[in-house]
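Asker: Have a peek at input.txt (compact mmCIF, C-alpha atoms).
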# COMPACT_ATOMS: atom_id res chain seq x y z
CA MET I 675 21.65 176.17 27.78
CA ALA I 676 19.88 174.95 24.66
CA ASP I 677 23.32 174.28 23.13
CA LEU I 678 24.17 171.95 25.99
CA LEU I 679 20.92 170.04 25.61
CA ALA I 680 21.46 169.64 21.88
CA SER I 681 25.00 168.41 22.38
CA ASP I 682 26.15 165.07 20.98
CA GLU I 683 28.03 164.55 24.22
CA PRO I 684 26.81 161.78 26.49
CA ARG I 685 24.55 162.91 29.30
CA ARG I 686 25.74 160.09 31.51
CA LEU I 687 29.26 159.95 32.88
CA ALA I 688 29.52 156.19 32.36
CA ASP I 689 28.88 156.68 28.63
CA PHE I 690 31.36 159.56 28.53
CA LEU I 691 34.05 157.32 30.07
CA ARG I 692 33.39 154.50 27.60
CA GLU I 693 33.20 156.73 24.53
CA ASN I 694 36.30 158.75 25.42
CA LYS I 695 38.46 156.03 26.95
CA GLU I 696 41.20 156.22 24.31
CA GLU I 697 41.45 160.00 24.57
CA ILE I 698 41.53 159.79 28.38
CA LEU I 699 44.30 157.17 28.16
CA ALA I 700 46.34 159.27 25.72
CA HIS I 701 46.01 162.41 27.84
CA TRP I 702 46.79 160.46 31.01
CA GLU I 703 49.89 158.94 29.41
CA SER I 704 51.22 162.34 28.35
CA GLN I 705 50.62 163.78 31.83
CA VAL I 706 51.86 160.81 33.84
CA ARG I 707 55.15 160.78 31.94
CA LYS I 708 56.06 163.76 34.15
CA VAL I 709 56.14 161.41 37.15
CA ARG I 710 59.77 160.37 37.74
CA ALA I 711 59.18 156.63 37.80
CA ALA I 712 56.95 156.70 34.71
CA GLN I 713 59.42 158.47 32.46
CA THR I 714 61.29 155.34 31.38
CA LEU I 715 58.53 152.74 31.44
CA ASP I 716 57.53 151.06 28.22
CA ARG I 717 54.00 151.99 27.15
CA PRO I 718 52.43 148.56 27.88
CA VAL I 719 53.90 148.57 31.39
CA LEU I 720 52.83 152.16 31.97
CA LEU I 721 49.26 151.58 30.82
CA ASP I 722 49.06 148.15 32.51
CA HIS I 723 45.46 147.83 33.76
CA LEU I 724 44.34 151.42 33.22
CA SER I 725 42.05 150.64 30.28
CA GLU I 726 40.36 147.93 32.34
CA PHE I 727 40.13 150.30 35.31
CA ILE I 728 38.36 152.94 33.21
CA GLU I 729 35.88 150.26 32.08
CA ASP I 730 35.41 149.27 35.73
CA LEU I 731 34.86 152.93 36.65
CA ALA I 732 32.22 153.25 33.94
CA ALA I 733 30.43 150.13 35.17
CA TYR I 734 30.62 151.33 38.77
CA VAL I 735 29.27 154.82 38.11
CA ASP I 736 26.62 153.30 35.85
CA GLU I 737 25.22 151.42 38.85
CA VAL I 738 24.05 154.67 40.45
CA ARG I 739 20.93 154.48 38.26
CA THR I 740 19.99 151.03 39.52
CA GLY I 741 20.10 152.00 43.17
CA HIS I 742 22.15 148.88 43.93
CA GLU I 743 24.94 149.15 46.44
CA VAL I 744 28.06 147.84 44.74
CA GLU I 745 31.68 148.06 45.74
CA PRO I 746 34.09 150.28 43.80
CA PRO I 747 36.59 148.43 41.61
CA GLU I 748 39.44 146.94 43.66
CA GLU I 749 41.15 144.29 41.55
CA ALA I 750 42.91 146.62 39.10
CA PRO I 751 44.16 148.99 41.86
CA GLN I 752 45.56 146.04 43.85
CA ILE I 753 47.42 144.69 40.82
CA HIS I 754 48.50 148.20 39.84
CA ALA I 755 50.06 148.82 43.26
CA LEU I 756 52.07 145.59 43.17
CA GLU I 757 53.27 146.18 39.63
CA ARG I 758 54.33 149.73 40.46
CA LEU I 759 56.23 148.57 43.54
CA GLU I 760 57.98 146.00 41.36
CA VAL I 761 59.18 148.63 38.87
CA GLY I 762 60.46 150.99 41.56
CA TYR I 763 57.65 153.47 42.13
CA GLU I 764 57.41 155.39 45.37
CA LEU I 765 54.00 155.31 47.03
CA SER I 766 53.46 159.00 46.27
CA GLU I 767 53.96 158.26 42.56
CA VAL I 768 51.27 155.57 42.64
CA VAL I 769 48.88 158.06 44.22
CA ALA I 770 49.89 160.72 41.67
CA GLU I 771 48.85 158.43 38.82
CA TYR I 772 45.28 158.24 40.16
CA SER I 773 45.21 161.97 40.77
CA ILE I 774 46.28 162.55 37.19
CA LEU I 775 43.57 160.17 35.96
CA ARG I 776 40.89 162.12 37.86
CA ARG I 777 42.22 165.38 36.44
CA CYS I 778 42.34 164.01 32.88
CA ILE I 779 38.73 162.83 33.06
CA THR I 780 37.37 166.04 34.54
CA GLU I 781 39.45 168.30 32.27
CA LEU I 782 38.26 166.49 29.16
CA ALA I 783 34.65 166.61 30.32
CA THR I 784 34.97 170.33 31.15
CA ARG I 785 36.66 171.12 27.83
CA ARG I 786 33.83 169.39 26.01
CA HIS I 787 31.15 171.06 28.17
CA THR I 788 29.58 167.66 28.42
CA PRO I 789 26.30 167.27 30.29
CA ALA I 790 27.94 164.25 31.97
CA LEU I 791 29.62 166.74 34.32
CA ARG I 792 26.25 167.42 35.88
CA SER I 793 25.51 163.72 36.16
CA ALA I 794 24.54 162.17 39.47
CA GLU I 795 27.34 159.73 38.65
CA LEU I 796 30.12 162.30 39.21
CA PRO I 797 30.36 161.87 43.01
CA ARG I 798 30.53 158.13 42.43
CA LEU I 799 33.49 158.60 40.09
CA HIS I 800 35.35 160.54 42.79
CA GLU I 801 34.45 157.89 45.35
CA ALA I 802 35.79 155.12 43.11
CA ILE I 803 39.07 156.92 42.43
CA ASP I 804 39.48 157.69 46.14
CA GLN I 805 38.85 154.02 46.89
CA ALA I 806 41.38 152.98 44.23
CA ILE I 807 43.96 155.23 45.88
CA SER I 808 43.18 153.73 49.27
CA THR I 809 43.30 150.16 47.96
CA SER I 810 46.59 150.81 46.18
CA VAL I 811 48.15 152.42 49.24
CA VAL I 812 47.20 149.50 51.47
CA ARG I 813 48.36 146.86 48.98
CA TYR I 814 51.60 148.71 48.23
CA ALA I 815 52.39 149.17 51.94
CA GLU I 816 51.65 145.52 52.75
CA ALA I 817 53.81 144.23 49.91
CA ARG I 818 56.63 146.62 50.74
CA GLU I 819 56.51 145.60 54.40
CA ARG I 820 56.65 141.88 53.49
CA THR I 821 59.62 142.55 51.22
CA LEU I 822 61.46 144.48 53.92
CA ARG I 823 60.80 141.75 56.53
CA ALA I 824 62.12 139.11 54.11
CA LEU I 825 65.24 141.16 53.43
CA ASP I 826 65.69 141.62 57.17
CA ARG I 827 65.51 137.85 57.73
CA ILE I 828 68.01 137.24 54.94
CA SER I 829 70.37 139.86 56.36
CA ALA I 830 70.13 138.40 59.85
CA ALA I 831 70.80 134.89 58.52
CA ALA I 832 73.76 136.13 56.50
CA LEU I 833 75.34 137.63 59.62
CA VAL I 834 75.18 134.29 61.46
CA HIS I 835 76.67 132.27 58.61
CA HIS I 836 80.14 133.07 57.43
CA ASP I 837 79.96 131.39 54.06
CA VAL I 838 77.33 130.97 51.37
CA GLU I 839 77.16 127.18 51.63
CA SER I 840 76.23 127.16 55.33
CA LEU I 841 73.67 129.92 54.69
CA LEU I 842 72.07 127.89 51.90
CA ARG I 843 72.05 124.72 54.00
CA ALA I 844 70.39 126.59 56.87
CA SER I 845 67.79 128.18 54.59
CA SER I 846 66.80 124.81 53.15
CA THR I 847 66.27 123.36 56.65
CA PRO I 848 62.84 124.14 58.15
CA SER I 849 62.89 126.54 61.09
CA TRP I 850 61.89 123.65 63.39
CA GLY I 851 65.12 121.87 62.57
CA PRO I 852 66.03 118.88 60.45
CA LEU I 853 63.52 116.10 60.02
CA PRO I 854 64.24 112.89 62.01
CA ARG I 855 65.64 110.04 59.98
Could you write out this file's structure as structure tokens?

Answerer:
Amino acid sequence: MADLLASDEPRRLADFLRENKEEILAHWESQVRKVRAAQTLDRPVLLDHLSEFIEDLAAYVDEVRTGHEVEPPEEAPQIHALERLEVGYELSEVVAEYSILRRCITELATRRHTPALRSAELPRLHEAIDQAISTSVVRYAEARERTLRALDRISAAALVHHDVESLLRASSTPSWGPLPR
């Protein structure tokens, strides 16, 4: 026990996240490459907003000391979901990325025997990652649904028009009809 108290490791989880961000990112990248959709992504696309998200996580868990009620980070997960949809991820793969992040953080903290593992901030970390998953799922599903509805409208319009020119003319006319002259 005395060894743990004398440790150089941060006692607070927020500090642990900030001080070990690069190692967390590197471990996450190596693990997430096992996800089908991540295997061919360029590194900048793969890492997209993860560094920022880890900073947001640190700030969020840090707030536990102040007693203020703050919302978990949402901006990065919303953007992340849309970007992953755009590059062909399945929803389960988006969720897997957050699961891998949680595992990378807790495995590194466990391997280091850091006192941050016993921090009152740990439940807040899990809450924030769960919220990021939820936010990403909702955003991904909404964007996917909008895309499918748009494709459905295009398909329906294409069936009515027998040539490209009439389809384009119809799509440039407002749904309420042509404007009076």

Asker: Tell me which of I:Leu699, I:Val811, I:Val719, I:Ala711 sits closest to Gly762 in chain I, counting all atoms listed in the file.

Answerer: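 Smallest separation from Gly762 in chain I among the options: I:Ala711.
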
Asker: Write out as a PyMOL selection string the residues lying within 10 Å of Asp736 in chain I, counting all atoms listed in the file and excluding same-chain residues fewer than 6 positions away.

Answerer: chain I and resi 686-689+730+794-795+798-799

Asker: Using Å and a single decimal, report how far CA of Lys695 in chain I sits from CA of Ile774 in chain I.

Answerer: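 Taking CA of Ile774 in chain I as the start and CA of Lys695 in chain I as the end point, the length is 14.4 Å.
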
Asker: List as a PyMOL selection string the residues having at least one atom at most 12 Å from position (45.8, 158.6, 29.7) as given in the file, counting all atoms listed in the file.

Answerer: chain I and resi 691+694-707+717+720-725+727-728+771-779+781-782

Asker: Using Å and a single decimal, report how far CA of Arg818 in chain I sits from CA of Leu759 in chain I.

Answerer: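 So the two atoms, CA of Leu759 in chain I and CA of Arg818 in chain I, lie 7.5 Å apart.
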
Asker: Quote the spacing between CA of Ala755 in chain I and CA of Ala733 in chain I in Å to one decimal place.

Answerer: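 Atom-to-atom, CA of Ala755 in chain I and CA of Ala733 in chain I are spaced 21.3 Å apart.
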
Asker: Would you mind listing what lies within 9 Å of range 743-754 of chain I as a ChimeraX atom specification, with all atoms listed in the file counted and same-chain residues fewer than 5 positions away left out?

Answerer: /I:722-724,726-727,730-731,734-735,737-738,759,768,798,801-803,805-814

Asker: Pick out the closest residue to Glu767 in chain I from this set: I:Ala712, I:Ala783, I:His742, I:Glu729. Count only C-alpha atoms.

Answerer: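 Distance minimum relative to Glu767 in chain I lands on I:Ala712.
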
Asker: Between I:Leu715, I:Leu756, I:Thr784, I:Leu833, which residue has the minimum interatomic distance to Phe690 in chain I, considering all atoms listed in the file?

Answerer: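 The closest residue to Phe690 in chain I is I:Thr784.
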
Asker: Could N, CA, C and O atoms be built for range 762-783 of chain I and written out as an mmCIF file, keeping the file's coordinate frame?

Answerer:
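Output file part.cif is given in full below:
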data_model
loop_
_atom_site.group_PDB
_atom_site.id
_atom_site.type_symbol
_atom_site.label_atom_id
_atom_site.label_comp_id
_atom_site.auth_asym_id
_atom_site.auth_seq_id
_atom_site.Cartn_x
_atom_site.Cartn_y
_atom_site.Cartn_z
ATOM 1 N N GLY I 762 59.713 149.963 40.848
ATOM 2 C CA GLY I 762 60.460 150.990 41.560
ATOM 3 C C GLY I 762 59.726 152.283 41.873
ATOM 4 O O GLY I 762 60.354 153.288 42.198
ATOM 5 N N TYR I 763 58.419 152.279 41.790
ATOM 6 C CA TYR I 763 57.650 153.470 42.130
ATOM 7 C C TYR I 763 57.695 153.729 43.634
ATOM 8 O O TYR I 763 57.714 152.794 44.437
ATOM 9 N N GLU I 764 57.662 154.980 43.999
ATOM 10 C CA GLU I 764 57.410 155.390 45.370
ATOM 11 C C GLU I 764 55.891 155.416 45.540
ATOM 12 O O GLU I 764 55.153 155.569 44.563
ATOM 13 N N LEU I 765 55.437 155.298 46.761
ATOM 14 C CA LEU I 765 54.000 155.310 47.030
ATOM 15 C C LEU I 765 53.350 156.593 46.531
ATOM 16 O O LEU I 765 52.262 156.569 45.950
ATOM 17 N N SER I 766 54.009 157.718 46.720
ATOM 18 C CA SER I 766 53.460 159.000 46.270
ATOM 19 C C SER I 766 53.262 159.032 44.754
ATOM 20 O O SER I 766 52.345 159.687 44.248
ATOM 21 N N GLU I 767 54.090 158.302 44.027
ATOM 22 C CA GLU I 767 53.960 158.260 42.560
ATOM 23 C C GLU I 767 52.765 157.414 42.142
ATOM 24 O O GLU I 767 52.098 157.711 41.147
ATOM 25 N N VAL I 768 52.464 156.378 42.907
ATOM 26 C CA VAL I 768 51.270 155.570 42.640
ATOM 27 C C VAL I 768 50.029 156.438 42.838
ATOM 28 O O VAL I 768 49.121 156.458 42.002
ATOM 29 N N VAL I 769 50.011 157.168 43.931
ATOM 30 C CA VAL I 769 48.880 158.060 44.220
ATOM 31 C C VAL I 769 48.770 159.135 43.145
ATOM 32 O O VAL I 769 47.663 159.458 42.690
ATOM 33 N N ALA I 770 49.892 159.673 42.711
ATOM 34 C CA ALA I 770 49.890 160.720 41.670
ATOM 35 C C ALA I 770 49.236 160.223 40.390
ATOM 36 O O ALA I 770 48.519 160.976 39.721
ATOM 37 N N GLU I 771 49.453 158.959 40.044
ATOM 38 C CA GLU I 771 48.850 158.430 38.820
ATOM 39 C C GLU I 771 47.321 158.499 38.879
ATOM 40 O O GLU I 771 46.670 158.842 37.897
ATOM 41 N N TYR I 772 46.744 158.168 40.023
ATOM 42 C CA TYR I 772 45.280 158.240 40.160
ATOM 43 C C TYR I 772 44.797 159.682 40.159
ATOM 44 O O TYR I 772 43.750 159.996 39.605
ATOM 45 N N SER I 773 45.555 160.549 40.770
ATOM 46 C CA SER I 773 45.210 161.970 40.770
ATOM 47 C C SER I 773 45.209 162.518 39.345
ATOM 48 O O SER I 773 44.311 163.275 38.951
ATOM 49 N N ILE I 774 46.189 162.119 38.587
ATOM 50 C CA ILE I 774 46.280 162.550 37.190
ATOM 51 C C ILE I 774 45.114 161.996 36.386
ATOM 52 O O ILE I 774 44.537 162.695 35.547
ATOM 53 N N LEU I 775 44.725 160.752 36.656
ATOM 54 C CA LEU I 775 43.570 160.170 35.960
ATOM 55 C C LEU I 775 42.312 160.989 36.235
ATOM 56 O O LEU I 775 41.560 161.321 35.323
ATOM 57 N N ARG I 776 42.076 161.314 37.500
ATOM 58 C CA ARG I 776 40.890 162.120 37.860
ATOM 59 C C ARG I 776 40.917 163.441 37.099
ATOM 60 O O ARG I 776 39.928 163.875 36.538
ATOM 61 N N ARG I 777 42.099 164.088 37.109
ATOM 62 C CA ARG I 777 42.220 165.380 36.440
ATOM 63 C C ARG I 777 41.987 165.252 34.934
ATOM 64 O O ARG I 777 41.294 166.078 34.333
ATOM 65 N N CYS I 778 42.521 164.209 34.323
ATOM 66 C CA CYS I 778 42.340 164.010 32.880
ATOM 67 C C CYS I 778 40.864 163.837 32.519
ATOM 68 O O CYS I 778 40.380 164.399 31.526
ATOM 69 N N ILE I 779 40.162 163.057 33.315
ATOM 70 C CA ILE I 779 38.730 162.830 33.060
ATOM 71 C C ILE I 779 37.955 164.124 33.205
ATOM 72 O O ILE I 779 37.175 164.502 32.318
ATOM 73 N N THR I 780 38.168 164.825 34.306
ATOM 74 C CA THR I 780 37.370 166.040 34.540
ATOM 75 C C THR I 780 37.767 167.170 33.590
ATOM 76 O O THR I 780 36.899 167.932 33.160
ATOM 77 N N GLU I 781 39.042 167.270 33.233
ATOM 78 C CA GLU I 781 39.450 168.300 32.270
ATOM 79 C C GLU I 781 38.840 168.057 30.901
ATOM 80 O O GLU I 781 38.365 168.993 30.255
ATOM 81 N N LEU I 782 38.853 166.810 30.456
ATOM 82 C CA LEU I 782 38.260 166.490 29.160
ATOM 83 C C LEU I 782 36.767 166.773 29.173
ATOM 84 O O LEU I 782 36.229 167.370 28.235
ATOM 85 N N ALA I 783 36.092 166.378 30.220
ATOM 86 C CA ALA I 783 34.650 166.610 30.320
ATOM 87 C C ALA I 783 34.348 168.107 30.357
ATOM 88 O O ALA I 783 33.402 168.575 29.715
#
